[in-house]
Amino acid sequence: MAAASSSDSDSGRAESSEASSKWLDAHYDPMANIHTFSSCLALADLHGDGEYKLVVGDLGPGGQQPRLKVLKGPTMLTESPLPALPASAATFLMEQHEPRTPALALASGPCVYVYKNLRPYFKFSLPQLPPNPLEQDLWNQAKEDQIDPLTLKEMLEGIREKAEVPLSVQSLRFLQLELSEMEAFVNQHKSRAIKRQTVITTMTTLKKNLADEDAVSCLVLGTENKELLVLDPEAFTILAKMSLPSVPVFLEVSGQFDVEFRLTAACRNGNIYILRRDSKHPKYCIELSAQPVGLVRVHKILVVGSNQDSLHGFTHKGKKLWTVQMPAAILTMNLLEQRSRGLQAVMAALANGEVHIYRDKTLLNVIHTPDAVTSLCFGRYGREDNTLIMTTRGGGLIIKILKRTAVFVEGTGEVGPPLAQATKLSVPRKTRLYVDQTLREREAGIAMHRTFQTDLYLLRLRASRAYVQALESSLSPMSTTTREPLKLHAVVQGLGPTFKLTLHLQNTSTARPVLGLQVCFLYNEALYALPRAFFKVPLLVPGLSYPLETFVESLSRKGISDIIKVLVLREGQSAPLLSAHINMPVSEGLAAA
Amino acid sequence: MAEEKLPSKTQVPASAESQKARQKKAPEFPILEKQNWLIHLHYIRKDYEACKAVIKEQLQETQGLCEYAIYVQALIFRLEGNIQESLELFQTCAILSPQCADNLKQVARSLFLLGKHKAATEVYNEAAKLNQKDWEICHNLGVCYIYLKQFNKAQDHLHSALQLNRHDLTYIMLGKIHLLEGDLHKAIEIYKKAVEFSPENTELLTTLGLLYLQLGVYQKAFEHLGNALTYDPTNYKAILAAGSMMQTHGDFDVALTKYRVVACAVPESPPLWNNIGMCFFGKKKYVAAISCLKRANYLAPFDWKILYNLGLVHLTMQQYASAFHFLSAAINFQPKLGELYMLLAALTNLEDIENAKRAYAEAVRLDKCNPLVNLNYAVLLYNLGEKRGALTQYQEMEKKVNFLKDHSSLEFDSEMVEMAQKLGAALQVGEALVWTKPVKDPKSKHRTTSAGKPATLGSNQALGQAMSSAAAFRKLPSGAAGAQLQKPPSLPLEPEPTVEASPAEASGKMREK
């Protein structure tokens, strides 16, 4: 109910600004239960009937139930469970034949699942990585029982320290085991060949040899072992392999595989690498010194969002062009392409529930959403060319259609002087009384000054006298004499008529214990009764706080409270070392009775 | 309710099954890096709760072998302020893959954040062996050496970082070293290069502007601050600095409009309210000025500059007792500034001539270049009839004026020049009896006016009074003398507020860094 009512109020607000908005609210379902990333959204005419569908690789709530969902308009067309979490979804044309229906590729774990007409068609698995030959040797020896588990462990550890090729999971597991478990583990696993498998982290498509919109495309995969693979669209063989210095997170491509292409990979080390055809290694490198959260290419400019709330523009050679600061953290980014007007812009969804649309560094439009948008894509959906699809953090789905009359004009966003400049300064007002006092001061300034100075001197004099007196009669709860540096702190507990009085006595010297102290209470005997008004203190070890407890019984029935004085004395001296005045609380137990 | 039950139901059989499978035959090992991409995506969009959930699951499945999961967990710990925990986790990562420079870098970073700079440099050096060409290692080594106060080494490392890859941060650190060494010109050189490299970085532009401001190159300072404001019209530091420059030139209204932006963004900034107060002071709106300054004083009670300005405004308002109060507070915080003692000589107006003279003497002793101090002292001495002392002070003032003429482009305040000329004439003629016997006519006249019209309190009464007394000088020498006696303290007011405003806000900035 709560969600529904909030959405109502939102739509009400949207209506008021509808006239000025460039967007039509087509659909909003806060309970759509879609949890995904922008990379797992794809729009395609899957059935070749001119009606574009939305493909969602859904991670499920909490990443527990991965599903492939296909939506048509606002309704769910099909939904099928996936074997593992989808990392990326893409649609691409596999071959030239008619009907030209695109295939759907879902990258998940080490595999790419290819669907045609929404039916499983092909499963491509990443090839196994070559294992470390030394490691292989060792396990072979173990298989023939030539080495005992302990030496195996030592040798494997040696490999881990130095080798370029990392160990397999099997060996790593083995290294973690206790001595007693090793034997069993080796027996159980020695017959199996050691394997090293990697997973796909990101995927995109690259046109094979034609720049047309409906040309055959290759899949480009980024893997956890820092490689980029280009797959053949029909045979699913690896056409090209490139290596990166770090694990790719986002990919952006341009050009055609057979002619000339440019691959841009934003990586986990915060760098962005640009590769070209014929280069096995990155040609340019952009160091962001922050983590990229999105990578979009607009014409020839690379737009990168960083996790320091900023949007950067770079040339395709990696030269920095501009930076725009965002009002909140960027959650995801995608490209907005309005073909009819030849507009390309970047959409950035922010954590404060706004979607900002930028062309270069100018803000074109801001969309307010009821929840923070976590994934978005823009394109043809159903039969509408310019549709914006967004999913929110709570699993909601928002579909908006760009009005056909809408034109993005530069300067419609926030430009010019900031809004704050128009607000008035809140200068504190002065009262009539203040004004009167000012006038009085002007007239009698001299007298005021003199009185003030006299009083100030008197105050200082009194303060110092009181201080001296306190020092002389040890009235303070702190004693700083070199022989007995002590600290006293008292707590009264209870509601009465019986209270518990706890004195915390601490010896603050660094090394010397204090011996032979006594505590004495001074109080009005008509009001209070203490079991012992005088007792000895044990030896005080430096630094420790000693709680000394005693009970106090209130005798008065009139709700009177008084002060109890605590004196700490040294044996044989009449002047106290320190003293404390305890303001006793009124006995509430009695008052209630 | 139904939703809550569902996952638990499905989970239990699944885990039981997998356990059975494990017992039967050798299990297929899960791929360690299976969900690294997911962890990373959650991490960069700052969804740390989801991230931690995935990490936990991943670590359980791999029995703590997934290096990246530990790595991100450590990063999150560090963001949450648990640096010690993060350090331990990063060390685990470094054990899992000892060849990886990244892990060592993070270990060093955590050590650095813990303040163990020496240990951090050692780990960074270790990492540098694994990865020769990493600007980050060089940069961070440089920063560590700054904290270890080994500036030469720090510079070497930062320069080599710049050679590997240029970053704004490295420039800023290099500039900082030069500032720490007190070499403004070198710092400016560095910042100039930095601005060339990234012309839109507002922080660099602002800092460069401020450095120029410190050197007194106002044109360039304003240029850079202006640039910073074009790129980011809400830049707090740049607005304050530019505003203070506008104040210097008397554009109080423009400065005030700019300050509105800051007042919205940082409403509790003491330098801001100080500057706003001095703007109102410049516009002769004294009550507003006092309100703003008092707010500034409330926000930063130990800032002597605000107290100084408060004293100044109260002097103008002829509230000498309050002025004395604020000025003596300021002196308690900043006992080494000549001008403060000069203002403290408000005692003249409190008929405490002895102490006023002492304050002047102290002011003259401390001050090295402000001719006003000597002039005001000379006027006081002259009024007391101590012509010889007045003459000495007058000569002292002439020296300072000549020195300033040679070394600075700032023009002298016209009112001060006028006063000096009058005094000079009086000293050389020397016989004007009227100087020694101040008649209190104008004062009382003024009193009646103010009593009659208290509403005009915030207007430019003081100036009006000053003007009228100056005009009356020729006709009524006795009246002028009276005005003079009470004017010296108000004399420094005109040049003071703006000069004062800029250091006040500059210091505010330094503190922020």
# chains A, B, ... in the order shown; residues from 1 in each chain; ligands from 1
>>> select_by_dssp(residues="range 399-480 of chain A", states="helix (DSSP H, G or I)", output="NGL selection string")
:A and (419-422 or 432-472)
>>> closest_atom_pairs(of="chain A", to="chain B", cutoff="7 Å", atoms="only C-alpha atoms", output="CSV")
residue,atom,partner,partner_atom,distance
A:Gly109,CA,B:Lys34,CA,6.1
A:Glu161,CA,B:Pro98,CA,6.1
A:Val169,CA,B:Phe29,CA,6.7
A:Gln188,CA,B:Ala26,CA,6.1
A:His189,CA,B:Ala26,CA,6.4
A:Gln197,CA,B:Ile31,CA,6.6
A:Val199,CA,B:Lys34,CA,6.2
A:Thr201,CA,B:Trp37,CA,5.4
A:Gln291,CA,B:Ile44,CA,6.5
A:Val293,CA,B:Ile44,CA,5.9
A:Asn307,CA,B:Ile44,CA,6.2
A:Ile330,CA,B:Arg45,CA,6.9
A:Leu331,CA,B:Arg45,CA,5.0
A:Pro417,CA,B:Pro233,CA,6.8
A:Pro418,CA,B:Pro233,CA,6.6
A:Ala420,CA,B:Val261,CA,4.8
A:Gln421,CA,B:Val261,CA,4.8
A:Thr423,CA,B:Arg260,CA,6.8
A:Lys424,CA,B:Arg260,CA,6.9
A:Leu425,CA,B:Arg260,CA,5.9
A:Val427,CA,B:Cys292,CA,6.4
A:Pro428,CA,B:Ser291,CA,5.8
A:Thr438,CA,B:Gln319,CA,6.9
A:Glu441,CA,B:Gln319,CA,5.9
A:Arg442,CA,B:Gln319,CA,5.4
A:Gly445,CA,B:Ala321,CA,5.5
A:Ile446,CA,B:Leu350,CA,4.9
A:Met448,CA,B:Ala321,CA,6.9
A:His449,CA,B:Ala321,CA,5.2
>>> write_last_selection(atoms="N, CA and C atoms", output="CSV table (one decimal), in the first residue's frame")
chain,number,residue,atom,x,y,z
A,109,GLY,N,29.2,-16.9,-15.9
A,109,GLY,CA,30.3,-17.8,-15.5
A,109,GLY,C,31.3,-17.9,-16.6
A,161,GLU,N,55.1,-18.9,-4.6
A,161,GLU,CA,55.9,-17.7,-4.3
A,161,GLU,C,56.4,-17.1,-5.6
A,169,VAL,N,42.9,-24.3,-8.4
A,169,VAL,CA,42.2,-24.3,-7.2
A,169,VAL,C,42.5,-25.5,-6.3
A,188,GLN,N,42.1,-38.6,-2.8
A,188,GLN,CA,40.9,-38.3,-3.4
A,188,GLN,C,41.0,-37.6,-4.8
A,189,HIS,N,42.0,-36.8,-4.8
A,189,HIS,CA,42.1,-35.9,-6.0
A,189,HIS,C,43.2,-36.2,-7.0
A,197,GLN,N,40.2,-22.6,-14.8
A,197,GLN,CA,39.1,-22.1,-15.6
A,197,GLN,C,38.9,-20.6,-15.2
A,199,VAL,N,36.5,-16.9,-15.9
A,199,VAL,CA,35.1,-16.5,-16.1
A,199,VAL,C,35.0,-15.2,-16.9
A,201,THR,N,33.7,-11.5,-17.6
A,201,THR,CA,33.3,-10.4,-16.7
A,201,THR,C,32.5,-9.4,-17.5
A,291,GLN,N,37.9,4.5,-9.5
A,291,GLN,CA,37.3,3.4,-10.2
A,291,GLN,C,36.3,3.9,-11.3
A,293,VAL,N,32.9,3.8,-13.2
A,293,VAL,CA,31.6,3.2,-13.0
A,293,VAL,C,30.8,3.1,-14.3
A,307,ASN,N,34.0,6.8,-9.7
A,307,ASN,CA,33.3,6.7,-8.4
A,307,ASN,C,33.6,7.9,-7.5
A,330,ILE,N,27.5,8.3,-9.1
A,330,ILE,CA,27.0,7.8,-10.3
A,330,ILE,C,26.8,6.3,-10.1
A,331,LEU,N,25.6,5.8,-10.4
A,331,LEU,CA,25.3,4.4,-10.3
A,331,LEU,C,25.6,3.6,-11.6
A,417,PRO,N,24.2,31.8,-13.2
A,417,PRO,CA,24.6,31.8,-11.8
A,417,PRO,C,23.8,30.8,-11.0
A,418,PRO,N,24.4,30.2,-10.0
A,418,PRO,CA,23.7,29.2,-9.2
A,418,PRO,C,22.5,29.8,-8.5
A,420,ALA,N,21.5,29.6,-5.6
A,420,ALA,CA,21.7,30.1,-4.2
A,420,ALA,C,22.0,31.6,-4.3
A,421,GLN,N,22.5,32.1,-5.4
A,421,GLN,CA,22.8,33.5,-5.5
A,421,GLN,C,21.6,34.4,-5.3
A,423,THR,N,19.0,33.8,-3.3
A,423,THR,CA,18.5,33.8,-1.9
A,423,THR,C,19.1,34.9,-1.1
A,424,LYS,N,18.3,35.4,-0.2
A,424,LYS,CA,18.8,36.5,0.6
A,424,LYS,C,19.7,36.0,1.7
A,425,LEU,N,20.6,36.9,2.1
A,425,LEU,CA,21.4,36.5,3.3
A,425,LEU,C,20.6,36.6,4.5
A,427,VAL,N,20.8,37.8,7.6
A,427,VAL,CA,21.5,38.6,8.6
A,427,VAL,C,20.7,38.6,9.9
A,428,PRO,N,21.3,38.3,11.0
A,428,PRO,CA,20.6,38.3,12.2
A,428,PRO,C,20.1,39.7,12.5
A,438,THR,N,23.2,50.4,22.8
A,438,THR,CA,24.3,51.0,22.1
A,438,THR,C,24.3,52.5,22.4
A,441,GLU,N,25.7,53.1,25.7
A,441,GLU,CA,27.1,53.0,25.8
A,441,GLU,C,27.8,54.2,25.3
A,442,ARG,N,27.2,54.8,24.3
A,442,ARG,CA,27.9,56.0,23.7
A,442,ARG,C,27.9,57.1,24.7
A,445,GLY,N,29.9,55.5,28.1
A,445,GLY,CA,31.0,54.6,27.8
A,445,GLY,C,32.0,54.5,28.9
A,446,ILE,N,32.5,55.7,29.3
A,446,ILE,CA,33.6,55.8,30.2
A,446,ILE,C,33.2,55.1,31.5
A,448,MET,N,30.9,52.9,32.1
A,448,MET,CA,30.8,51.5,31.9
A,448,MET,C,32.1,50.8,31.9
A,449,HIS,N,33.0,51.4,31.2
A,449,HIS,CA,34.3,50.8,31.1
A,449,HIS,C,35.0,50.7,32.4
>>> residues_around(residues="Pro245 in chain A", least_positions_apart="4", cutoff="9 Å", atoms="only C-alpha atoms", output="ChimeraX atom specification")
/A:226-227,267,269,273,281-282
>>> write_last_selection(atoms="C-alpha atoms", output="compact mmCIF listing (two decimals), in the first residue's frame")
# COMPACT_ATOMS: atom_id res chain seq x y z
CA LYS A 226 42.82 -10.14 -18.10
CA GLU A 227 42.10 -11.05 -21.70
CA CYS A 267 39.58 -2.05 -15.88
CA ASN A 269 42.82 -1.08 -11.50
CA TYR A 273 43.04 0.89 -21.99
CA HIS A 281 48.49 -4.95 -26.10
CA PRO A 282 46.95 -1.61 -25.17
>>> residues_around(residues="range 205-210 of chain A", least_positions_apart="3", cutoff="7 Å", atoms="only C-alpha atoms", output="number ranges by chain")
A: 92, 215-220, 253, 255-259
>>> residues_around(residues="Leu350 in chain A", least_positions_apart="4", cutoff="8 Å", atoms="only C-alpha atoms", output="PyMOL selection string")
chain A and resi 328-332+354-356+372-373
>>> select_by_dssp(residues="range 267-505 of chain A", states="strand (DSSP E)", output="PDB file with C-alpha atoms, in the first residue's frame")
ATOM      1  CA  CYS A 267      39.581  -2.045 -15.883  1.00  0.00           C
ATOM      2  CA  ASN A 271      42.768   2.519 -15.736  1.00  0.00           C
ATOM      3  CA  ILE A 272      41.189   2.589 -19.160  1.00  0.00           C
ATOM      4  CA  TYR A 273      43.041   0.889 -21.986  1.00  0.00           C
ATOM      5  CA  ILE A 274      42.508   1.538 -25.667  1.00  0.00           C
ATOM      6  CA  LEU A 275      43.405  -1.188 -28.151  1.00  0.00           C
ATOM      7  CA  ARG A 276      43.298  -1.223 -31.923  1.00  0.00           C
ATOM      8  CA  TYR A 284      46.856   4.086 -25.015  1.00  0.00           C
ATOM      9  CA  CYS A 285      46.171   4.171 -21.334  1.00  0.00           C
ATOM     10  CA  ILE A 286      44.084   6.586 -19.294  1.00  0.00           C
ATOM     11  CA  GLU A 287      44.805   6.613 -15.580  1.00  0.00           C
ATOM     12  CA  PRO A 292      35.328   3.815 -13.457  1.00  0.00           C
ATOM     13  CA  VAL A 293      31.591   3.216 -12.987  1.00  0.00           C
ATOM     14  CA  GLY A 294      30.594   3.570 -16.586  1.00  0.00           C
ATOM     15  CA  LEU A 295      32.066   3.915 -20.042  1.00  0.00           C
ATOM     16  CA  VAL A 296      30.181   5.348 -22.994  1.00  0.00           C
ATOM     17  CA  ARG A 297      31.445   6.449 -26.377  1.00  0.00           C
ATOM     18  CA  VAL A 298      29.708   9.461 -27.883  1.00  0.00           C
ATOM     19  CA  ILE A 301      34.650  11.061 -27.297  1.00  0.00           C
ATOM     20  CA  LEU A 302      34.911   8.573 -24.480  1.00  0.00           C
ATOM     21  CA  VAL A 303      32.832   9.544 -21.502  1.00  0.00           C
ATOM     22  CA  VAL A 304      33.866   7.901 -18.257  1.00  0.00           C
ATOM     23  CA  GLY A 305      32.077   8.154 -14.963  1.00  0.00           C
ATOM     24  CA  SER A 306      34.273   7.714 -11.916  1.00  0.00           C
ATOM     25  CA  SER A 310      32.565  13.001 -11.703  1.00  0.00           C
ATOM     26  CA  LEU A 311      32.189  12.557 -15.422  1.00  0.00           C
ATOM     27  CA  HIS A 312      35.289  12.834 -17.602  1.00  0.00           C
ATOM     28  CA  GLY A 313      35.592  13.221 -21.344  1.00  0.00           C
ATOM     29  CA  PHE A 314      38.601  11.818 -23.197  1.00  0.00           C
ATOM     30  CA  LYS A 320      41.547  14.477 -21.156  1.00  0.00           C
ATOM     31  CA  LEU A 321      39.032  16.971 -22.497  1.00  0.00           C
ATOM     32  CA  TRP A 322      36.767  17.961 -19.649  1.00  0.00           C
ATOM     33  CA  THR A 323      35.429  17.027 -16.236  1.00  0.00           C
ATOM     34  CA  VAL A 324      31.984  17.586 -14.808  1.00  0.00           C
ATOM     35  CA  GLN A 325      31.214  17.182 -11.146  1.00  0.00           C
ATOM     36  CA  ILE A 330      26.982   7.782 -10.318  1.00  0.00           C
ATOM     37  CA  LEU A 331      25.334   4.370 -10.288  1.00  0.00           C
ATOM     38  CA  THR A 332      25.276   3.518 -13.959  1.00  0.00           C
ATOM     39  CA  MET A 333      25.621   5.096 -17.374  1.00  0.00           C
ATOM     40  CA  ASN A 334      24.420   4.444 -20.876  1.00  0.00           C
ATOM     41  CA  LEU A 335      24.131   6.020 -24.293  1.00  0.00           C
ATOM     42  CA  LEU A 336      21.098   7.982 -25.433  1.00  0.00           C
ATOM     43  CA  GLU A 337      20.802   8.063 -29.205  1.00  0.00           C
ATOM     44  CA  GLN A 338      17.959   9.959 -30.838  1.00  0.00           C
ATOM     45  CA  LEU A 343      21.657  13.345 -31.132  1.00  0.00           C
ATOM     46  CA  GLN A 344      23.993  11.284 -29.011  1.00  0.00           C
ATOM     47  CA  ALA A 345      24.178  11.968 -25.311  1.00  0.00           C
ATOM     48  CA  VAL A 346      25.186  10.252 -22.103  1.00  0.00           C
ATOM     49  CA  MET A 347      22.717   9.291 -19.430  1.00  0.00           C
ATOM     50  CA  ALA A 348      24.063   8.990 -15.898  1.00  0.00           C
ATOM     51  CA  ALA A 349      21.863   7.626 -13.130  1.00  0.00           C
ATOM     52  CA  LEU A 350      22.744   9.132  -9.774  1.00  0.00           C
ATOM     53  CA  GLU A 354      18.035  11.650 -10.673  1.00  0.00           C
ATOM     54  CA  VAL A 355      19.094  10.785 -14.177  1.00  0.00           C
ATOM     55  CA  HIS A 356      21.239  13.429 -15.807  1.00  0.00           C
ATOM     56  CA  ILE A 357      21.612  13.624 -19.550  1.00  0.00           C
ATOM     57  CA  TYR A 358      24.756  15.239 -20.859  1.00  0.00           C
ATOM     58  CA  ARG A 359      25.990  16.161 -24.273  1.00  0.00           C
ATOM     59  CA  THR A 362      26.500  20.487 -20.984  1.00  0.00           C
ATOM     60  CA  LEU A 363      23.549  19.197 -19.054  1.00  0.00           C
ATOM     61  CA  LEU A 364      20.580  18.690 -21.371  1.00  0.00           C
ATOM     62  CA  ASN A 365      17.947  17.253 -19.103  1.00  0.00           C
ATOM     63  CA  VAL A 366      17.320  15.925 -15.614  1.00  0.00           C
ATOM     64  CA  ILE A 367      14.796  13.167 -14.938  1.00  0.00           C
ATOM     65  CA  HIS A 368      13.588  12.703 -11.383  1.00  0.00           C
ATOM     66  CA  VAL A 373      18.035   4.019 -10.888  1.00  0.00           C
ATOM     67  CA  THR A 374      20.482   1.135 -11.057  1.00  0.00           C
ATOM     68  CA  SER A 375      20.267   0.236 -14.720  1.00  0.00           C
ATOM     69  CA  LEU A 376      19.028   1.999 -17.788  1.00  0.00           C
ATOM     70  CA  CYS A 377      18.969   1.728 -21.547  1.00  0.00           C
ATOM     71  CA  PHE A 378      17.528   3.763 -24.380  1.00  0.00           C
ATOM     72  CA  GLY A 379      16.331   2.681 -27.789  1.00  0.00           C
ATOM     73  CA  ARG A 380      13.470   1.249 -29.772  1.00  0.00           C
ATOM     74  CA  TYR A 381      10.961  -0.617 -27.653  1.00  0.00           C
ATOM     75  CA  GLU A 384       8.311   3.412 -30.251  1.00  0.00           C
ATOM     76  CA  ASP A 385      11.692   4.647 -31.361  1.00  0.00           C
ATOM     77  CA  ASN A 386      12.867   6.626 -28.373  1.00  0.00           C
ATOM     78  CA  THR A 387      12.121   4.765 -25.203  1.00  0.00           C
ATOM     79  CA  LEU A 388      14.009   4.982 -21.954  1.00  0.00           C
ATOM     80  CA  ILE A 389      13.921   1.924 -19.756  1.00  0.00           C
ATOM     81  CA  MET A 390      15.118   2.142 -16.187  1.00  0.00           C
ATOM     82  CA  THR A 391      15.112  -0.266 -13.292  1.00  0.00           C
ATOM     83  CA  THR A 392      15.441   0.944  -9.740  1.00  0.00           C
ATOM     84  CA  LEU A 397      10.674  -0.778 -13.670  1.00  0.00           C
ATOM     85  CA  ILE A 398      10.152   2.632 -15.245  1.00  0.00           C
ATOM     86  CA  ILE A 399       9.472   3.121 -18.943  1.00  0.00           C
ATOM     87  CA  LYS A 400       9.424   6.612 -20.368  1.00  0.00           C
ATOM     88  CA  ILE A 401       8.937   7.688 -23.964  1.00  0.00           C
ATOM     89  CA  LEU A 402      10.666  10.717 -25.382  1.00  0.00           C
ATOM     90  CA  MET A 478      42.567  16.165  43.100  1.00  0.00           C
ATOM     91  CA  SER A 479      45.780  16.137  45.002  1.00  0.00           C
ATOM     92  CA  LEU A 486      45.437  11.231  44.227  1.00  0.00           C
ATOM     93  CA  LYS A 487      42.147  11.565  42.436  1.00  0.00           C
ATOM     94  CA  LEU A 488      38.750  11.158  44.059  1.00  0.00           C
ATOM     95  CA  HIS A 489      35.429  10.697  42.373  1.00  0.00           C
ATOM     96  CA  ALA A 490      32.170   9.829  44.115  1.00  0.00           C
ATOM     97  CA  VAL A 491      28.942   8.256  42.892  1.00  0.00           C
ATOM     98  CA  VAL A 492      25.643   8.018  44.725  1.00  0.00           C
ATOM     99  CA  GLN A 493      23.261   5.252  43.781  1.00  0.00           C
ATOM    100  CA  THR A 498      19.177   3.995  51.807  1.00  0.00           C
ATOM    101  CA  PHE A 499      21.776   5.145  49.285  1.00  0.00           C
ATOM    102  CA  LYS A 500      24.946   3.526  48.207  1.00  0.00           C
ATOM    103  CA  LEU A 501      27.902   5.875  48.131  1.00  0.00           C
ATOM    104  CA  THR A 502      30.876   4.717  46.101  1.00  0.00           C
ATOM    105  CA  LEU A 503      34.167   6.564  46.236  1.00  0.00           C
ATOM    106  CA  HIS A 504      36.601   5.911  43.442  1.00  0.00           C
ATOM    107  CA  LEU A 505      40.052   6.646  44.699  1.00  0.00           C
TER     108      LEU A 505
END
